[in-house]
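Asker: Here's a structure for you.
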Amino acid sequence: DVQLVESGGGSVQAGGSLKLSCVASGFTFSKNDMNWARQAPGKRREWLSTIRTDSAKFYADSVKGRFTISRDNAKNTVYLQMDNLQIEDTALYYCDIGDVRVPYPPRGQGTQVTVS
């Protein structure tokens, strides 16, 4: 079964940083694009970033220049480094498989990020 386990969220002050991790299992990680998305209460799910199998990276305008996606195929893990966090970045963050610009609901529990 496909499993995606996110971690690294927490509470941070505006201007701070966090690094999220997503450990994948149940599929061939290195052969799949991966993405990060988020959902805040009362708001639509928002695609944030995709990293393709060739490590090409794409970002939503809302996070471009502040967030950095990366992957480690040896560890079946995709990361999201988030810098200069703002209050509007408060949301549940989650990863998913594929280059999906209209995100699906989280497969797992996600990781909560709260910026104050």
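Each chain of the structure tokens is named A, B, ... in the order shown, its residues numbered from 1; ligands are numbered from 1 in display order.
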Determine, counting only C-alpha atoms, which protein, DNA and RNA residues have an atom within 9 Å of an atom of Asp1 of chain A; residues of the same chain fewer than 6 positions away are not included. Present the result as number ranges by chain.
Answerer: A: 25-27
Asker: Which neighbours of Thr77 of chain A fall inside 9 Å, counting only C-alpha atoms, when residues of the same chain fewer than 6 positions from it are skipped, and could you give them as a list in words?
Answerer: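 Residues near the query, excluding close chain neighbours: Ser21, Cys22, Val23, Ala24, Phe29, Ser70 and Arg71 of chain A.
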Asker: Residues near Glu6 of chain A, anyone? I mean within 12 Å using only C-alpha atoms, not counting same-chain ones fewer than 4 positions away, as a list in words.
Answerer: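 Contacts, in chain order: Gly10, Lys19, Leu20, Ser21, Cys22, Val23, Ala24, Ser25, Trp36, Ala37, Arg38, Thr77, Val78, Tyr79, Leu80, Leu92, Tyr93, Tyr94, Cys95, Asp96, Pro106, Arg107, Gly108, Gln109, Gly110, Thr111, Gln112 and Val113 of chain A.
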Asker: Filtering to N, CA and C atoms, could you give me those residues as a PDB file, in the first residue's frame?
Answerer:
```
ATOM      1  N   GLY A  10       5.135  22.566  12.804  1.00  0.00           N
ATOM      2  CA  GLY A  10       5.179  23.110  14.152  1.00  0.00           C
ATOM      3  C   GLY A  10       4.727  24.547  14.161  1.00  0.00           C
ATOM      4  N   LYS A  19      11.515  22.927   8.018  1.00  0.00           N
ATOM      5  CA  LYS A  19      11.785  21.988   6.934  1.00  0.00           C
ATOM      6  C   LYS A  19      10.896  20.773   7.120  1.00  0.00           C
ATOM      7  N   LEU A  20      10.050  20.541   6.161  1.00  0.00           N
ATOM      8  CA  LEU A  20       9.135  19.407   6.185  1.00  0.00           C
ATOM      9  C   LEU A  20       9.759  18.230   5.459  1.00  0.00           C
ATOM     10  N   SER A  21       9.392  17.040   5.930  1.00  0.00           N
ATOM     11  CA  SER A  21       9.833  15.802   5.298  1.00  0.00           C
ATOM     12  C   SER A  21       8.625  14.938   4.989  1.00  0.00           C
ATOM     13  N   CYS A  22       8.739  14.150   3.960  1.00  0.00           N
ATOM     14  CA  CYS A  22       7.687  13.194   3.597  1.00  0.00           C
ATOM     15  C   CYS A  22       8.373  11.901   3.185  1.00  0.00           C
ATOM     16  N   VAL A  23       8.179  10.879   3.985  1.00  0.00           N
ATOM     17  CA  VAL A  23       8.761   9.573   3.697  1.00  0.00           C
ATOM     18  C   VAL A  23       7.726   8.723   2.982  1.00  0.00           C
ATOM     19  N   ALA A  24       8.113   8.194   1.847  1.00  0.00           N
ATOM     20  CA  ALA A  24       7.197   7.435   0.999  1.00  0.00           C
ATOM     21  C   ALA A  24       7.520   5.948   1.021  1.00  0.00           C
ATOM     22  N   SER A  25       6.494   5.158   0.866  1.00  0.00           N
ATOM     23  CA  SER A  25       6.673   3.716   0.749  1.00  0.00           C
ATOM     24  C   SER A  25       5.525   3.133  -0.046  1.00  0.00           C
ATOM     25  N   TRP A  36       4.110  18.937  -3.108  1.00  0.00           N
ATOM     26  CA  TRP A  36       3.628  19.393  -1.801  1.00  0.00           C
ATOM     27  C   TRP A  36       2.403  20.285  -2.026  1.00  0.00           C
ATOM     28  N   ALA A  37       1.469  20.159  -1.122  1.00  0.00           N
ATOM     29  CA  ALA A  37       0.270  20.989  -1.155  1.00  0.00           C
ATOM     30  C   ALA A  37      -0.080  21.366   0.279  1.00  0.00           C
ATOM     31  N   ARG A  38      -1.046  22.235   0.418  1.00  0.00           N
ATOM     32  CA  ARG A  38      -1.492  22.605   1.761  1.00  0.00           C
ATOM     33  C   ARG A  38      -2.981  22.924   1.734  1.00  0.00           C
ATOM     34  N   THR A  77      12.446  10.035   0.260  1.00  0.00           N
ATOM     35  CA  THR A  77      11.958  11.201   1.000  1.00  0.00           C
ATOM     36  C   THR A  77      11.970  12.449   0.122  1.00  0.00           C
ATOM     37  N   VAL A  78      10.913  13.222   0.245  1.00  0.00           N
ATOM     38  CA  VAL A  78      10.834  14.539  -0.380  1.00  0.00           C
ATOM     39  C   VAL A  78      10.743  15.576   0.732  1.00  0.00           C
ATOM     40  N   TYR A  79      11.412  16.684   0.522  1.00  0.00           N
ATOM     41  CA  TYR A  79      11.498  17.728   1.539  1.00  0.00           C
ATOM     42  C   TYR A  79      10.893  19.030   1.031  1.00  0.00           C
ATOM     43  N   LEU A  80      10.523  19.877   1.981  1.00  0.00           N
ATOM     44  CA  LEU A  80      10.118  21.236   1.650  1.00  0.00           C
ATOM     45  C   LEU A  80      10.735  22.171   2.680  1.00  0.00           C
ATOM     46  N   LEU A  92      -2.380  22.938   6.956  1.00  0.00           N
ATOM     47  CA  LEU A  92      -1.940  21.548   6.992  1.00  0.00           C
ATOM     48  C   LEU A  92      -1.172  21.283   5.695  1.00  0.00           C
ATOM     49  N   TYR A  93       0.055  20.829   5.815  1.00  0.00           N
ATOM     50  CA  TYR A  93       0.906  20.574   4.668  1.00  0.00           C
ATOM     51  C   TYR A  93       1.013  19.069   4.428  1.00  0.00           C
ATOM     52  N   TYR A  94       0.990  18.690   3.150  1.00  0.00           N
ATOM     53  CA  TYR A  94       1.079  17.272   2.854  1.00  0.00           C
ATOM     54  C   TYR A  94       1.732  17.053   1.498  1.00  0.00           C
ATOM     55  N   CYS A  95       2.269  15.879   1.318  1.00  0.00           N
ATOM     56  CA  CYS A  95       2.893  15.539   0.048  1.00  0.00           C
ATOM     57  C   CYS A  95       1.999  14.547  -0.694  1.00  0.00           C
ATOM     58  N   ASP A  96       2.255  14.443  -1.976  1.00  0.00           N
ATOM     59  CA  ASP A  96       1.498  13.488  -2.784  1.00  0.00           C
ATOM     60  C   ASP A  96       2.332  13.072  -3.979  1.00  0.00           C
ATOM     61  N   PRO A 106      -5.388  15.017   1.305  1.00  0.00           N
ATOM     62  CA  PRO A 106      -4.218  14.312   1.830  1.00  0.00           C
ATOM     63  C   PRO A 106      -4.462  12.810   1.940  1.00  0.00           C
ATOM     64  N   ARG A 107      -3.423  12.043   1.592  1.00  0.00           N
ATOM     65  CA  ARG A 107      -3.528  10.589   1.761  1.00  0.00           C
ATOM     66  C   ARG A 107      -3.305  10.216   3.218  1.00  0.00           C
ATOM     67  N   GLY A 108      -2.438  10.979   3.866  1.00  0.00           N
ATOM     68  CA  GLY A 108      -2.115  10.683   5.258  1.00  0.00           C
ATOM     69  C   GLY A 108      -2.571  11.799   6.176  1.00  0.00           C
ATOM     70  N   GLN A 109      -1.868  11.960   7.284  1.00  0.00           N
ATOM     71  CA  GLN A 109      -2.276  12.951   8.270  1.00  0.00           C
ATOM     72  C   GLN A 109      -1.741  14.341   7.975  1.00  0.00           C
ATOM     73  N   GLY A 110      -0.719  14.439   7.142  1.00  0.00           N
ATOM     74  CA  GLY A 110      -0.115  15.732   6.903  1.00  0.00           C
ATOM     75  C   GLY A 110       0.640  16.224   8.127  1.00  0.00           C
ATOM     76  N   THR A 111       1.147  17.435   8.032  1.00  0.00           N
ATOM     77  CA  THR A 111       1.837  18.040   9.165  1.00  0.00           C
ATOM     78  C   THR A 111       1.412  19.498   9.276  1.00  0.00           C
ATOM     79  N   GLN A 112       1.032  19.895  10.476  1.00  0.00           N
ATOM     80  CA  GLN A 112       0.467  21.223  10.676  1.00  0.00           C
ATOM     81  C   GLN A 112       1.570  22.253  10.842  1.00  0.00           C
ATOM     82  N   VAL A 113       1.418  23.361  10.147  1.00  0.00           N
ATOM     83  CA  VAL A 113       2.314  24.503  10.283  1.00  0.00           C
ATOM     84  C   VAL A 113       1.483  25.687  10.748  1.00  0.00           C
TER      85      VAL A 113
END
```
Asker: Would you mind listing what lies within 10 Å of Asp61 of chain A as a ChimeraX atom specification, with only C-alpha atoms counted and same-chain residues fewer than 5 positions away left out?
Answerer: /A:48-49,66
Asker: Taking the DSSP secondary structure from the backbone, can you list the residues of chain A that are helix (DSSP H, G or I), as a PyMOL selection string?
Answerer: chain A and resi 29-31+73-75+87-89
Asker: For the selection just defined, write its residues with all heavy atoms to a file, as a PDB file, in the first residue's frame.
Answerer:
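After the write, selection.pdb holds the following:
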```
ATOM      1  N   PHE A  29       9.610   5.155  -5.563  1.00  0.00           N
ATOM      2  CA  PHE A  29       9.705   6.592  -5.335  1.00  0.00           C
ATOM      3  C   PHE A  29      10.502   7.292  -6.440  1.00  0.00           C
ATOM      4  O   PHE A  29      10.080   8.334  -6.947  1.00  0.00           O
ATOM      5  CB  PHE A  29      10.377   6.830  -3.979  1.00  0.00           C
ATOM      6  CG  PHE A  29      10.562   8.269  -3.608  1.00  0.00           C
ATOM      7  CD1 PHE A  29       9.504   9.002  -3.093  1.00  0.00           C
ATOM      8  CD2 PHE A  29      11.793   8.888  -3.751  1.00  0.00           C
ATOM      9  CE1 PHE A  29       9.676  10.338  -2.739  1.00  0.00           C
ATOM     10  CE2 PHE A  29      11.980  10.212  -3.401  1.00  0.00           C
ATOM     11  CZ  PHE A  29      10.914  10.934  -2.896  1.00  0.00           C
ATOM     12  N   SER A  30      11.616   6.717  -6.809  1.00  0.00           N
ATOM     13  CA  SER A  30      12.518   7.388  -7.757  1.00  0.00           C
ATOM     14  C   SER A  30      11.904   7.548  -9.140  1.00  0.00           C
ATOM     15  O   SER A  30      12.368   8.371  -9.938  1.00  0.00           O
ATOM     16  CB  SER A  30      13.834   6.615  -7.861  1.00  0.00           C
ATOM     17  OG  SER A  30      13.595   5.314  -8.349  1.00  0.00           O
ATOM     18  N   LYS A  31      10.868   6.811  -9.430  1.00  0.00           N
ATOM     19  CA  LYS A  31      10.238   6.859 -10.750  1.00  0.00           C
ATOM     20  C   LYS A  31       8.978   7.730 -10.755  1.00  0.00           C
ATOM     21  O   LYS A  31       8.230   7.723 -11.734  1.00  0.00           O
ATOM     22  CB  LYS A  31       9.900   5.445 -11.220  1.00  0.00           C
ATOM     23  CG  LYS A  31      11.140   4.594 -11.486  1.00  0.00           C
ATOM     24  CD  LYS A  31      10.786   3.239 -12.062  1.00  0.00           C
ATOM     25  CE  LYS A  31      12.037   2.435 -12.360  1.00  0.00           C
ATOM     26  NZ  LYS A  31      11.716   1.095 -12.938  1.00  0.00           N
ATOM     27  N   ASN A  73      16.287  10.196  -3.233  1.00  0.00           N
ATOM     28  CA  ASN A  73      15.735   8.923  -3.682  1.00  0.00           C
ATOM     29  C   ASN A  73      16.258   7.753  -2.848  1.00  0.00           C
ATOM     30  O   ASN A  73      15.564   6.744  -2.691  1.00  0.00           O
ATOM     31  CB  ASN A  73      16.061   8.704  -5.155  1.00  0.00           C
ATOM     32  CG  ASN A  73      15.275   9.626  -6.065  1.00  0.00           C
ATOM     33  OD1 ASN A  73      14.225  10.150  -5.695  1.00  0.00           O
ATOM     34  ND2 ASN A  73      15.803   9.860  -7.259  1.00  0.00           N
ATOM     35  N   ALA A  74      17.448   7.876  -2.305  1.00  0.00           N
ATOM     36  CA  ALA A  74      17.993   6.803  -1.465  1.00  0.00           C
ATOM     37  C   ALA A  74      17.190   6.640  -0.182  1.00  0.00           C
ATOM     38  O   ALA A  74      17.158   5.557   0.409  1.00  0.00           O
ATOM     39  CB  ALA A  74      19.451   7.071  -1.160  1.00  0.00           C
ATOM     40  N   LYS A  75      16.565   7.727   0.255  1.00  0.00           N
ATOM     41  CA  LYS A  75      15.779   7.692   1.498  1.00  0.00           C
ATOM     42  C   LYS A  75      14.280   7.715   1.234  1.00  0.00           C
ATOM     43  O   LYS A  75      13.482   7.813   2.170  1.00  0.00           O
ATOM     44  CB  LYS A  75      16.157   8.875   2.380  1.00  0.00           C
ATOM     45  CG  LYS A  75      17.597   8.842   2.867  1.00  0.00           C
ATOM     46  CD  LYS A  75      17.897  10.012   3.779  1.00  0.00           C
ATOM     47  CE  LYS A  75      19.327   9.940   4.297  1.00  0.00           C
ATOM     48  NZ  LYS A  75      19.646  11.086   5.195  1.00  0.00           N
ATOM     49  N   ILE A  87       2.088  34.575   8.176  1.00  0.00           N
ATOM     50  CA  ILE A  87       0.872  34.110   8.850  1.00  0.00           C
ATOM     51  C   ILE A  87      -0.027  33.362   7.873  1.00  0.00           C
ATOM     52  O   ILE A  87      -0.637  32.343   8.236  1.00  0.00           O
ATOM     53  CB  ILE A  87       0.145  35.297   9.491  1.00  0.00           C
ATOM     54  CG1 ILE A  87       0.965  35.842  10.663  1.00  0.00           C
ATOM     55  CG2 ILE A  87      -1.247  34.887   9.958  1.00  0.00           C
ATOM     56  CD1 ILE A  87       0.413  37.099  11.298  1.00  0.00           C
ATOM     57  N   GLU A  88      -0.081  33.808   6.646  1.00  0.00           N
ATOM     58  CA  GLU A  88      -0.947  33.166   5.656  1.00  0.00           C
ATOM     59  C   GLU A  88      -0.437  31.800   5.212  1.00  0.00           C
ATOM     60  O   GLU A  88      -1.113  31.093   4.459  1.00  0.00           O
ATOM     61  CB  GLU A  88      -1.136  34.078   4.439  1.00  0.00           C
ATOM     62  CG  GLU A  88       0.144  34.551   3.802  1.00  0.00           C
ATOM     63  CD  GLU A  88       0.592  35.918   4.334  1.00  0.00           C
ATOM     64  OE1 GLU A  88       0.316  36.240   5.512  1.00  0.00           O
ATOM     65  OE2 GLU A  88       1.223  36.648   3.549  1.00  0.00           O
ATOM     66  N   ASP A  89       0.746  31.405   5.671  1.00  0.00           N
ATOM     67  CA  ASP A  89       1.259  30.063   5.387  1.00  0.00           C
ATOM     68  C   ASP A  89       0.718  29.036   6.374  1.00  0.00           C
ATOM     69  O   ASP A  89       0.980  27.835   6.213  1.00  0.00           O
ATOM     70  CB  ASP A  89       2.793  30.053   5.437  1.00  0.00           C
ATOM     71  CG  ASP A  89       3.424  30.873   4.335  1.00  0.00           C
ATOM     72  OD1 ASP A  89       2.945  30.806   3.186  1.00  0.00           O
ATOM     73  OD2 ASP A  89       4.409  31.588   4.633  1.00  0.00           O
TER      74      ASP A  89
END
```
Asker: From the set A:Asn76, A:Ser62, A:Thr90, A:Thr68, which residue has the shortest atom-to-atom contact distance to Gln3 of chain A, counting only C-alpha atoms?
Answerer: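 Among the listed residues, the smallest separation from Gln3 of chain A belongs to A:Asn76.
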Asker: Of the candidates A:Pro105, A:Lys57, A:Gly98, A:Gln86, which shows the shortest atom-to-atom distance to Ser11 of chain A, using only C-alpha atoms?
Answerer: A:Gln86
Asker: Going by DSSP on the backbone, which bits of segment 1-77 of chain A are strand (DSSP E)? Write them as a ChimeraX atom specification, please.
Answerer: /A:3-7,10-12,18-25,34-39,46-51,57-59,67-72,77
Asker: Generate the output file for the selected residues, C-alpha atoms, as a compact mmCIF listing (two decimals), in the first residue's frame.
Answerer:
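Resulting contents of part21.txt:
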```txt
# COMPACT_ATOMS: atom_id res chain seq x y z
CA GLN A 3 2.09 5.41 2.41
CA LEU A 4 3.19 9.02 2.74
CA VAL A 5 4.25 10.17 6.19
CA GLU A 6 4.82 13.87 6.67
CA SER A 7 6.69 15.47 9.54
CA GLY A 10 5.18 23.11 14.15
CA SER A 11 4.64 26.61 15.43
CA VAL A 12 6.92 29.38 14.30
CA LEU A 18 10.75 25.03 8.94
CA LYS A 19 11.79 21.99 6.93
CA LEU A 20 9.13 19.41 6.18
CA SER A 21 9.83 15.80 5.30
CA CYS A 22 7.69 13.19 3.60
CA VAL A 23 8.76 9.57 3.70
CA ALA A 24 7.20 7.44 1.00
CA SER A 25 6.67 3.72 0.75
CA MET A 34 6.31 14.33 -6.07
CA ASN A 35 4.51 17.41 -4.90
CA TRP A 36 3.63 19.39 -1.80
CA ALA A 37 0.27 20.99 -1.16
CA ARG A 38 -1.49 22.61 1.76
CA GLN A 39 -4.96 23.22 3.06
CA GLU A 46 -3.36 24.74 -2.77
CA TRP A 47 -0.59 23.18 -4.81
CA LEU A 48 2.79 24.50 -3.67
CA SER A 49 5.58 22.73 -5.47
CA THR A 50 6.53 19.77 -7.63
CA ILE A 51 9.82 18.00 -8.09
CA LYS A 57 11.32 21.98 -9.74
CA PHE A 58 8.19 24.06 -10.01
CA TYR A 59 6.61 26.45 -7.51
CA PHE A 67 10.15 27.55 -0.33
CA THR A 68 12.55 24.97 -1.77
CA ILE A 69 11.62 21.43 -2.69
CA SER A 70 14.16 18.63 -2.82
CA ARG A 71 14.26 14.85 -2.83
CA ASP A 72 16.52 12.03 -1.70
CA THR A 77 11.96 11.20 1.00
```
Asker: Between A:Gly8, A:Gln13, A:Thr53, A:Arg45, which residue has the minimum interatomic distance to Ile97 of chain A, considering only C-alpha atoms?
Answerer: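 Nearest candidate to Ile97 of chain A out of A:Gly8, A:Gln13, A:Thr53, A:Arg45: A:Thr53.
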Asker: Quick check, in Å to one decimal: how far apart do atom CA of Asp99 of chain A and atom CA of Val115 of chain A lie?
Answerer: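 Result for atom CA of Asp99 of chain A versus atom CA of Val115 of chain A: 26.8 Å, one decimal.
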